[in-house]
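Everything below belongs to model.cif, which stores mmCIF, C-alpha atoms.
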```cif
data_data
loop_
_atom_site.group_PDB
_atom_site.id
_atom_site.type_symbol
_atom_site.label_atom_id
_atom_site.label_comp_id
_atom_site.auth_asym_id
_atom_site.auth_seq_id
_atom_site.Cartn_x
_atom_site.Cartn_y
_atom_site.Cartn_z
ATOM 1 C CA MET A 22 -164.394 -47.038 92.360
ATOM 2 C CA SER A 23 -165.502 -45.957 95.836
ATOM 3 C CA SER A 24 -163.992 -43.109 97.759
ATOM 4 C CA SER A 25 -162.725 -45.449 100.462
ATOM 5 C CA SER A 26 -160.720 -47.555 98.000
ATOM 6 C CA THR A 27 -159.311 -44.433 96.358
ATOM 7 C CA THR A 28 -158.222 -43.127 99.690
ATOM 8 C CA MET A 29 -156.530 -46.446 100.557
ATOM 9 C CA MET A 30 -154.552 -46.567 97.275
ATOM 10 C CA SER A 31 -153.411 -42.992 97.733
ATOM 11 C CA ARG A 32 -152.237 -43.827 101.220
ATOM 12 C CA PHE A 33 -150.539 -47.130 100.157
ATOM 13 C CA PRO A 34 -149.076 -46.579 96.675
ATOM 14 C CA PHE A 35 -147.289 -50.012 96.522
ATOM 15 C CA LEU A 36 -150.694 -51.628 95.963
ATOM 16 C CA SER A 37 -151.081 -49.863 92.626
ATOM 17 C CA ARG A 38 -147.496 -50.807 91.555
ATOM 18 C CA SER A 39 -148.016 -54.478 92.298
ATOM 19 C CA SER A 40 -151.216 -54.546 90.302
ATOM 20 C CA THR A 41 -149.472 -52.817 87.392
ATOM 21 C CA THR A 42 -146.606 -55.323 87.514
ATOM 22 C CA VAL A 43 -148.945 -58.283 87.515
ATOM 23 C CA TYR A 44 -150.927 -56.812 84.699
ATOM 24 C CA SER A 45 -147.860 -56.118 82.547
ATOM 25 C CA SER A 46 -146.508 -59.604 83.138
ATOM 26 C CA THR A 47 -149.783 -61.193 82.206
ATOM 27 C CA GLN A 48 -150.160 -59.095 79.084
ATOM 28 C CA LYS A 49 -146.482 -59.532 77.870
ATOM 29 C CA PRO A 50 -146.327 -62.069 75.029
ATOM 30 C CA SER A 51 -144.290 -65.213 75.601
ATOM 31 C CA GLN A 52 -140.905 -65.682 73.814
ATOM 32 C CA LYS A 53 -140.740 -69.502 74.073
ATOM 33 C CA PRO A 54 -142.256 -70.296 70.677
ATOM 34 C CA SER A 55 -139.710 -68.139 68.836
ATOM 35 C CA LEU A 56 -136.766 -69.726 70.723
ATOM 36 C CA GLU A 57 -138.031 -73.200 69.979
ATOM 37 C CA ARG A 58 -138.363 -72.316 66.308
ATOM 38 C CA GLU A 59 -134.799 -70.959 66.159
ATOM 39 C CA GLY A 60 -133.458 -74.067 67.914
ATOM 40 C CA SER A 61 -135.172 -76.390 65.493
ATOM 41 C CA MET A 62 -133.817 -74.412 62.521
ATOM 42 C CA SER A 63 -130.213 -74.535 63.823
ATOM 43 C CA LYS A 64 -130.507 -78.283 64.488
ATOM 44 C CA PHE A 65 -131.775 -78.864 60.967
ATOM 45 C CA TYR A 66 -128.870 -76.825 59.564
ATOM 46 C CA VAL A 67 -126.272 -78.803 61.564
ATOM 47 C CA ASP A 68 -127.780 -82.126 60.508
ATOM 48 C CA SER A 69 -127.756 -81.126 56.868
ATOM 49 C CA VAL A 70 -124.106 -80.013 57.040
ATOM 50 C CA LYS A 71 -123.133 -83.297 58.698
ATOM 51 C CA SER A 72 -124.883 -85.340 56.056
ATOM 52 C CA ILE A 73 -123.222 -83.396 53.221
ATOM 53 C CA ARG A 74 -119.808 -83.741 54.872
ATOM 54 C CA GLY A 75 -120.290 -87.474 55.350
ATOM 55 C CA LYS A 76 -121.177 -87.944 51.680
ATOM 56 C CA LEU A 77 -118.064 -86.005 50.593
ATOM 57 C CA VAL A 78 -115.801 -88.048 52.877
ATOM 58 C CA LYS A 79 -117.268 -91.285 51.501
ATOM 59 C CA LYS A 80 -116.669 -90.204 47.924
ATOM 60 C CA LEU A 81 -113.083 -89.213 48.681
ATOM 61 C CA CYS A 82 -112.426 -92.521 50.426
ATOM 62 C CA ASN A 83 -113.836 -94.484 47.503
ATOM 63 C CA LEU A 84 -111.728 -92.416 45.130
ATOM 64 C CA PHE A 85 -108.351 -92.832 46.866
ATOM 65 C CA GLU A 86 -108.650 -96.244 48.546
ATOM 66 C CA PRO A 87 -107.137 -99.112 46.526
ATOM 67 C CA LYS A 88 -109.519 -101.624 45.124
ATOM 68 C CA PRO A 89 -109.474 -105.072 46.739
ATOM 69 C CA ALA A 90 -107.527 -107.695 44.836
ATOM 70 C CA GLU A 91 -109.220 -110.641 43.225
ATOM 71 C CA PRO A 92 -109.360 -113.937 45.163
ATOM 72 C CA VAL A 93 -106.999 -115.622 42.680
ATOM 73 C CA LEU A 94 -104.342 -112.953 43.182
ATOM 74 C CA ASN A 95 -104.735 -113.130 46.950
ATOM 75 C CA SER A 96 -104.212 -116.892 46.903
ATOM 76 C CA LYS A 97 -101.104 -116.481 44.746
ATOM 77 C CA LEU A 98 -99.691 -113.883 47.086
ATOM 78 C CA LYS A 99 -100.349 -116.075 50.107
ATOM 79 C CA SER A 100 -98.716 -119.059 48.460
ATOM 80 C CA SER A 101 -95.659 -116.991 47.470
ATOM 81 C CA ARG A 102 -95.276 -115.704 51.048
ATOM 82 C CA SER A 103 -95.755 -119.027 52.786
ATOM 83 C CA PHE A 104 -92.295 -119.006 54.420
ATOM 84 C CA ASN A 105 -92.004 -117.576 57.950
ATOM 85 C CA SER A 106 -89.869 -114.767 59.309
ATOM 86 C CA SER A 107 -87.060 -117.089 60.417
ATOM 87 C CA ASP A 108 -86.591 -118.299 56.839
ATOM 88 C CA ASP A 109 -86.480 -114.681 55.690
ATOM 89 C CA ASP A 110 -83.825 -113.853 58.272
ATOM 90 C CA SER A 111 -81.713 -116.859 57.348
ATOM 91 C CA LEU A 112 -81.955 -115.964 53.660
ATOM 92 C CA SER A 113 -80.868 -112.373 54.307
ATOM 93 C CA ASN A 114 -77.979 -113.580 56.475
ATOM 94 C CA LYS A 115 -76.841 -115.936 53.725
ATOM 95 C CA LEU A 116 -76.974 -113.139 51.183
ATOM 96 C CA LYS A 117 -74.990 -110.857 53.471
ATOM 97 C CA SER A 118 -72.358 -113.518 54.142
ATOM 98 C CA THR A 119 -71.938 -114.362 50.456
ATOM 99 C CA LYS A 120 -71.751 -110.687 49.555
ATOM 100 C CA LEU A 121 -69.169 -110.077 52.285
ATOM 101 C CA GLN A 122 -67.117 -113.092 51.227
ATOM 102 C CA GLY A 123 -67.173 -111.932 47.622
ATOM 103 C CA PHE A 124 -66.003 -108.493 48.684
ATOM 104 C CA LEU A 125 -63.148 -109.915 50.742
ATOM 105 C CA ASP A 126 -62.034 -112.192 47.933
ATOM 106 C CA SER A 127 -62.124 -109.448 45.318
ATOM 107 C CA SER A 128 -60.394 -106.889 47.545
ATOM 108 C CA SER A 129 -57.641 -109.312 48.505
ATOM 109 C CA ASP A 130 -56.931 -110.061 44.872
ATOM 110 C CA GLN A 131 -56.900 -106.445 43.715
ATOM 111 C CA ILE A 132 -55.132 -104.410 46.430
ATOM 112 C CA ARG A 133 -52.520 -105.663 48.886
ATOM 113 C CA LEU A 134 -49.987 -103.984 51.169
ATOM 114 C CA PRO A 135 -46.686 -105.891 51.048
ATOM 115 C CA GLY A 136 -44.864 -106.819 54.237
ATOM 116 C CA THR A 137 -47.886 -106.506 56.545
ATOM 117 C CA GLY A 138 -49.209 -110.062 56.639
ATOM 118 C CA ASP A 139 -49.030 -110.260 60.448
ATOM 119 C CA ARG A 140 -50.677 -106.996 61.464
ATOM 120 C CA ILE A 141 -53.379 -104.357 61.021
ATOM 121 C CA VAL A 142 -52.324 -101.196 59.218
ATOM 122 C CA LEU A 143 -54.439 -98.080 59.662
ATOM 123 C CA TYR A 144 -53.872 -94.957 57.604
ATOM 124 C CA PHE A 145 -55.544 -92.022 59.332
ATOM 125 C CA THR A 146 -55.153 -88.373 60.263
ATOM 126 C CA SER A 147 -55.088 -86.732 63.672
ATOM 127 C CA LEU A 148 -55.930 -83.269 62.325
ATOM 128 C CA ARG A 149 -59.403 -81.845 63.015
ATOM 129 C CA GLY A 150 -59.624 -79.728 59.861
ATOM 130 C CA ILE A 151 -62.430 -81.859 58.399
ATOM 131 C CA ARG A 152 -64.801 -82.929 61.129
ATOM 132 C CA ARG A 153 -66.290 -85.959 59.372
ATOM 133 C CA THR A 154 -62.864 -87.356 58.493
ATOM 134 C CA PHE A 155 -61.574 -86.911 62.030
ATOM 135 C CA GLU A 156 -64.672 -88.578 63.515
ATOM 136 C CA ASP A 157 -64.359 -91.564 61.166
ATOM 137 C CA CYS A 158 -60.689 -91.995 62.005
ATOM 138 C CA TYR A 159 -61.404 -91.758 65.718
ATOM 139 C CA ALA A 160 -64.281 -94.270 65.471
ATOM 140 C CA VAL A 161 -62.144 -96.873 63.684
ATOM 141 C CA ARG A 162 -59.320 -96.447 66.195
ATOM 142 C CA MET A 163 -61.772 -96.984 69.066
ATOM 143 C CA ILE A 164 -63.221 -100.101 67.411
ATOM 144 C CA PHE A 165 -59.778 -101.714 67.164
ATOM 145 C CA LYS A 166 -58.964 -100.609 70.697
ATOM 146 C CA GLY A 167 -62.125 -102.343 71.868
ATOM 147 C CA PHE A 168 -60.840 -105.616 70.406
ATOM 148 C CA ARG A 169 -57.456 -104.989 72.107
ATOM 149 C CA VAL A 170 -55.397 -105.724 69.017
ATOM 150 C CA LEU A 171 -52.091 -104.142 68.061
ATOM 151 C CA VAL A 172 -52.521 -101.695 65.191
ATOM 152 C CA ASP A 173 -49.802 -100.206 63.034
ATOM 153 C CA GLU A 174 -51.192 -96.652 62.973
ATOM 154 C CA ARG A 175 -49.763 -94.461 60.231
ATOM 155 C CA ASP A 176 -50.710 -90.818 60.623
ATOM 156 C CA ILE A 177 -50.341 -89.119 57.242
ATOM 157 C CA SER A 178 -50.616 -85.681 58.846
ATOM 158 C CA MET A 179 -47.450 -86.358 60.854
ATOM 159 C CA ASP A 180 -45.446 -87.964 58.053
ATOM 160 C CA ALA A 181 -45.962 -87.207 54.361
ATOM 161 C CA ALA A 182 -44.226 -90.464 53.393
ATOM 162 C CA TYR A 183 -47.280 -92.414 54.554
ATOM 163 C CA ARG A 184 -49.504 -90.457 52.197
ATOM 164 C CA LYS A 185 -47.253 -91.279 49.251
ATOM 165 C CA GLU A 186 -47.180 -94.905 50.330
ATOM 166 C CA LEU A 187 -50.981 -95.102 50.477
ATOM 167 C CA MET A 188 -51.377 -93.473 47.079
ATOM 168 C CA SER A 189 -48.919 -95.902 45.514
ATOM 169 C CA VAL A 190 -50.779 -98.911 46.967
ATOM 170 C CA LEU A 191 -54.267 -97.777 45.981
ATOM 171 C CA GLY A 192 -53.141 -96.680 42.512
ATOM 172 C CA GLU A 193 -53.736 -93.626 40.383
ATOM 173 C CA LYS A 194 -57.374 -94.544 39.670
ATOM 174 C CA ASN A 195 -58.369 -94.146 43.328
ATOM 175 C CA LYS A 196 -56.170 -91.116 43.953
ATOM 176 C CA LYS A 197 -59.017 -88.583 43.709
ATOM 177 C CA THR A 198 -61.641 -90.663 45.506
ATOM 178 C CA VAL A 199 -59.614 -92.011 48.430
ATOM 179 C CA THR A 200 -60.749 -90.911 51.908
ATOM 180 C CA LEU A 201 -59.459 -91.549 55.391
ATOM 181 C CA PRO A 202 -59.247 -93.839 57.227
ATOM 182 C CA GLN A 203 -58.011 -96.803 55.145
ATOM 183 C CA VAL A 204 -57.538 -100.239 56.696
ATOM 184 C CA PHE A 205 -55.386 -103.219 55.711
ATOM 185 C CA ILE A 206 -55.662 -106.472 57.677
ATOM 186 C CA ARG A 207 -52.992 -109.118 57.070
ATOM 187 C CA GLY A 208 -52.033 -107.234 53.937
ATOM 188 C CA LYS A 209 -55.586 -107.305 52.514
ATOM 189 C CA TYR A 210 -57.405 -104.091 51.738
ATOM 190 C CA PHE A 211 -60.676 -103.740 53.684
ATOM 191 C CA GLY A 212 -61.720 -100.183 52.885
ATOM 192 C CA GLY A 213 -62.711 -97.255 55.043
ATOM 193 C CA ALA A 214 -64.784 -96.489 58.124
ATOM 194 C CA ASP A 215 -68.119 -97.672 56.703
ATOM 195 C CA MET A 216 -66.795 -101.175 56.019
ATOM 196 C CA ILE A 217 -65.147 -101.538 59.429
ATOM 197 C CA LYS A 218 -68.307 -100.331 61.196
ATOM 198 C CA TYR A 219 -70.420 -102.758 59.194
ATOM 199 C CA LEU A 220 -68.123 -105.706 59.977
ATOM 200 C CA CYS A 221 -68.254 -104.781 63.662
ATOM 201 C CA GLU A 222 -72.048 -104.533 63.689
ATOM 202 C CA VAL A 223 -72.648 -107.908 62.002
ATOM 203 C CA GLY A 224 -70.077 -109.649 64.211
ATOM 204 C CA GLU A 225 -67.596 -110.557 61.481
ATOM 205 C CA LEU A 226 -64.747 -108.290 62.548
ATOM 206 C CA GLY A 227 -63.931 -110.369 65.627
ATOM 207 C CA LYS A 228 -63.560 -113.493 63.462
ATOM 208 C CA ILE A 229 -61.267 -111.664 61.043
ATOM 209 C CA LEU A 230 -59.036 -110.406 63.873
ATOM 210 C CA GLU A 231 -58.515 -113.834 65.428
ATOM 211 C CA GLY A 232 -54.856 -114.775 65.747
ATOM 212 C CA LEU A 233 -53.504 -111.237 65.687
ATOM 213 C CA PRO A 234 -51.327 -109.968 68.580
ATOM 214 C CA ARG A 235 -53.241 -108.455 71.491
ATOM 215 C CA THR A 236 -52.574 -105.690 73.990
ATOM 216 C CA LYS A 237 -53.293 -105.361 77.675
ATOM 217 C CA PRO A 238 -56.555 -103.687 78.744
ATOM 218 C CA GLY A 239 -56.110 -99.919 79.000
ATOM 219 C CA PHE A 240 -52.611 -100.006 77.561
ATOM 220 C CA VAL A 241 -51.140 -96.561 76.796
ATOM 221 C CA CYS A 242 -47.583 -96.097 75.562
ATOM 222 C CA GLU A 243 -45.514 -94.297 78.174
ATOM 223 C CA SER A 244 -43.086 -92.915 75.615
ATOM 224 C CA CYS A 245 -45.461 -91.232 73.137
ATOM 225 C CA GLY A 246 -48.884 -91.353 74.806
ATOM 226 C CA ASP A 247 -50.353 -93.256 71.809
ATOM 227 C CA VAL A 248 -49.306 -90.461 69.436
ATOM 228 C CA ARG A 249 -46.947 -92.955 67.727
ATOM 229 C CA PHE A 250 -44.251 -90.300 67.230
ATOM 230 C CA VAL A 251 -41.495 -88.855 69.430
ATOM 231 C CA PRO A 252 -38.965 -86.049 68.812
ATOM 232 C CA CYS A 253 -35.816 -87.075 67.025
ATOM 233 C CA GLY A 254 -33.021 -87.857 69.461
ATOM 234 C CA ASN A 255 -30.310 -87.107 66.928
ATOM 235 C CA CYS A 256 -31.243 -83.480 66.148
ATOM 236 C CA SER A 257 -33.731 -82.820 69.003
ATOM 237 C CA GLY A 258 -36.439 -82.028 66.458
ATOM 238 C CA SER A 259 -34.525 -79.240 64.683
ATOM 239 C CA ARG A 260 -33.909 -81.383 61.552
ATOM 240 C CA LYS A 261 -30.400 -79.899 61.328
ATOM 241 C CA LEU A 262 -26.960 -81.154 62.338
ATOM 242 C CA PHE A 263 -23.603 -79.403 62.368
ATOM 243 C CA ASP A 264 -20.894 -81.176 60.429
ATOM 244 C CA GLU A 265 -17.607 -80.431 62.196
ATOM 245 C CA ASP A 266 -15.467 -81.712 59.338
ATOM 246 C CA GLU A 267 -17.038 -79.437 56.733
ATOM 247 C CA GLY A 268 -18.168 -76.738 59.134
ATOM 248 C CA LEU A 269 -21.711 -76.703 57.665
ATOM 249 C CA MET A 270 -25.266 -77.373 58.846
ATOM 250 C CA LYS A 271 -26.741 -80.474 57.265
ATOM 251 C CA ARG A 272 -30.183 -82.058 57.146
ATOM 252 C CA CYS A 273 -30.801 -84.805 59.704
ATOM 253 C CA LEU A 274 -31.446 -88.094 57.912
ATOM 254 C CA GLU A 275 -33.116 -89.924 60.805
ATOM 255 C CA CYS A 276 -36.300 -87.833 61.205
ATOM 256 C CA ASN A 277 -39.054 -86.729 58.851
ATOM 257 C CA GLU A 278 -40.024 -83.236 57.715
ATOM 258 C CA ASN A 279 -41.478 -82.469 61.139
ATOM 259 C CA GLY A 280 -38.374 -83.485 63.105
ATOM 260 C CA ILE A 281 -40.019 -86.573 64.632
ATOM 261 C CA ILE A 282 -39.536 -90.329 64.366
ATOM 262 C CA ARG A 283 -41.732 -93.361 64.977
ATOM 263 C CA CYS A 284 -42.037 -94.368 68.608
ATOM 264 C CA PRO A 285 -39.631 -97.274 69.154
ATOM 265 C CA ASN A 286 -41.659 -98.741 72.030
ATOM 266 C CA CYS A 287 -45.159 -99.144 70.530
ATOM 267 C CA CYS A 288 -44.660 -99.151 66.750
ATOM 268 C CA PHE A 289 -43.702 -102.038 64.511
#
```
Can you give me the file's structure in the form of structure tokens?
Amino acid sequence: MSSSSTTMMSRFPFLSRSSTTVYSSTQKPSQKPSLEREGSMSKFYVDSVKSIRGKLVKKLCNLFEPKPAEPVLNSKLKSSRSFNSSDDDSLSNKLKSTKLQGFLDSSSDQIRLPGTGDRIVLYFTSLRGIRRTFEDCYAVRMIFKGFRVLVDERDISMDAAYRKELMSVLGEKNKKTVTLPQVFIRGKYFGGADMIKYLCEVGELGKILEGLPRTKPGFVCESCGDVRFVPCGNCSGSRKLFDEDEGLMKRCLECNENGIIRCPNCCF
């Protein structure tokens, strides 16, 4: 190298750095082949995993899928299901009506409440001790109120005589299994809340209640507020009376154990 070029490089050092950079970049080996090789290997691995997974899924599907039926069986099934959905609905309705009629006939023959051929009698409780029982009683009362029919409501929690009366009608066999509410229509035993709800849903309850006395819309008894009981007017709810002749306190004979009587304005 000449002295003039050496002097120029010493005076302008960036020339030597640029040449070094170019030289190092030209001499540095390329990394592209190794990246391409790694990419091809990863792609091959993914493809192999996918193929193995697909084969496993196919085997599992073949193992658990039901085998197709033979053509003869398929033809038999088609011939046996030739009727349409309307025929199916009519058949189910017929079965329901016959089953319901059989239930009504059997219940009317077995259990009857004498002296109630012109009314609905409902045995229920107004206590909230058992939530399910209270809800069932309330639901049945609301169903009858929706039809606006007069109901002879007999609250066994307000008068123990109604409980004894119900037990005597249903008999000793049903004494342990009886639940509230219990419904009698025209003296016939219809059962509890499930039966009344079912009759209401299928549209049969309205037909059964035809001819029974009706109430005005939104009618509420002014005397008892639909509680069906009022305090005894003879003893004022104390259940005791003073006998002036004997000078002793005696038990009032007009009220029950709670000192109340049936409402004379809304009860039968």
Could you list the residues chosen by the PyMOL selection byres ((chain A and resi 203) around 8) in this structure as number ranges by chain? A: 143-145, 200-202, 204-205, 211-214
Notebook entry, point to check: Suppose you want the space between CA of Ile141 in chain A and CA of Pro234 in chain A; what is it in Å?
Noted result: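 Spanning CA of Ile141 in chain A to CA of Pro234 in chain A is a straight-line distance of 9.6 Å.
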Give me the result of the PyMOL selection byres ((chain A and resi 272-283) around 12) on this file, residue by residue, as a PDB file with C-alpha atoms, keeping the file's coordinate frame.
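Contents of the output file out12.pdb:
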```pdb
ATOM      1  CA  ASP A 173     -49.802-100.206  63.034  1.00  0.00           C
ATOM      2  CA  GLU A 174     -51.192 -96.652  62.973  1.00  0.00           C
ATOM      3  CA  ARG A 175     -49.763 -94.461  60.231  1.00  0.00           C
ATOM      4  CA  ASP A 176     -50.710 -90.818  60.623  1.00  0.00           C
ATOM      5  CA  ILE A 177     -50.341 -89.119  57.242  1.00  0.00           C
ATOM      6  CA  SER A 178     -50.616 -85.681  58.846  1.00  0.00           C
ATOM      7  CA  MET A 179     -47.450 -86.358  60.854  1.00  0.00           C
ATOM      8  CA  ASP A 180     -45.446 -87.964  58.053  1.00  0.00           C
ATOM      9  CA  ALA A 181     -45.962 -87.207  54.361  1.00  0.00           C
ATOM     10  CA  ALA A 182     -44.226 -90.464  53.393  1.00  0.00           C
ATOM     11  CA  TYR A 183     -47.280 -92.414  54.554  1.00  0.00           C
ATOM     12  CA  SER A 244     -43.086 -92.915  75.615  1.00  0.00           C
ATOM     13  CA  CYS A 245     -45.461 -91.232  73.137  1.00  0.00           C
ATOM     14  CA  ASP A 247     -50.353 -93.256  71.809  1.00  0.00           C
ATOM     15  CA  VAL A 248     -49.306 -90.461  69.436  1.00  0.00           C
ATOM     16  CA  ARG A 249     -46.947 -92.955  67.727  1.00  0.00           C
ATOM     17  CA  PHE A 250     -44.251 -90.300  67.230  1.00  0.00           C
ATOM     18  CA  VAL A 251     -41.495 -88.855  69.430  1.00  0.00           C
ATOM     19  CA  PRO A 252     -38.965 -86.049  68.812  1.00  0.00           C
ATOM     20  CA  CYS A 253     -35.816 -87.075  67.025  1.00  0.00           C
ATOM     21  CA  GLY A 254     -33.021 -87.857  69.461  1.00  0.00           C
ATOM     22  CA  ASN A 255     -30.310 -87.107  66.928  1.00  0.00           C
ATOM     23  CA  CYS A 256     -31.243 -83.480  66.148  1.00  0.00           C
ATOM     24  CA  SER A 257     -33.731 -82.820  69.003  1.00  0.00           C
ATOM     25  CA  GLY A 258     -36.439 -82.028  66.458  1.00  0.00           C
ATOM     26  CA  SER A 259     -34.525 -79.240  64.683  1.00  0.00           C
ATOM     27  CA  ARG A 260     -33.909 -81.383  61.552  1.00  0.00           C
ATOM     28  CA  LYS A 261     -30.400 -79.899  61.328  1.00  0.00           C
ATOM     29  CA  LEU A 262     -26.960 -81.154  62.338  1.00  0.00           C
ATOM     30  CA  PHE A 263     -23.603 -79.403  62.368  1.00  0.00           C
ATOM     31  CA  ASP A 264     -20.894 -81.176  60.429  1.00  0.00           C
ATOM     32  CA  LEU A 269     -21.711 -76.703  57.665  1.00  0.00           C
ATOM     33  CA  MET A 270     -25.266 -77.373  58.846  1.00  0.00           C
ATOM     34  CA  LYS A 271     -26.741 -80.474  57.265  1.00  0.00           C
ATOM     35  CA  CYS A 284     -42.037 -94.368  68.608  1.00  0.00           C
ATOM     36  CA  PRO A 285     -39.631 -97.274  69.154  1.00  0.00           C
ATOM     37  CA  ASN A 286     -41.659 -98.741  72.030  1.00  0.00           C
ATOM     38  CA  CYS A 287     -45.159 -99.144  70.530  1.00  0.00           C
ATOM     39  CA  CYS A 288     -44.660 -99.151  66.750  1.00  0.00           C
ATOM     40  CA  PHE A 289     -43.702-102.038  64.511  1.00  0.00           C
TER      41      PHE A 289
END
```
### Query
What does the distance between CA of Ile206 in chain A and CA of Tyr219 in chain A come to in Å, to one decimal place?
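Pair CA of Ile206 in chain A / CA of Tyr219 in chain A returns 15.3 Å.
The space between CA of Gly167 in chain A and CA of Glu231 in chain A spans 13.7 Å.
For the choices A:Arg207, A:Arg140, A:Lys197, A:Arg133, the atom-to-atom distance to Leu171 in chain A is smallest for A:Arg140 when using all atoms listed in the file.
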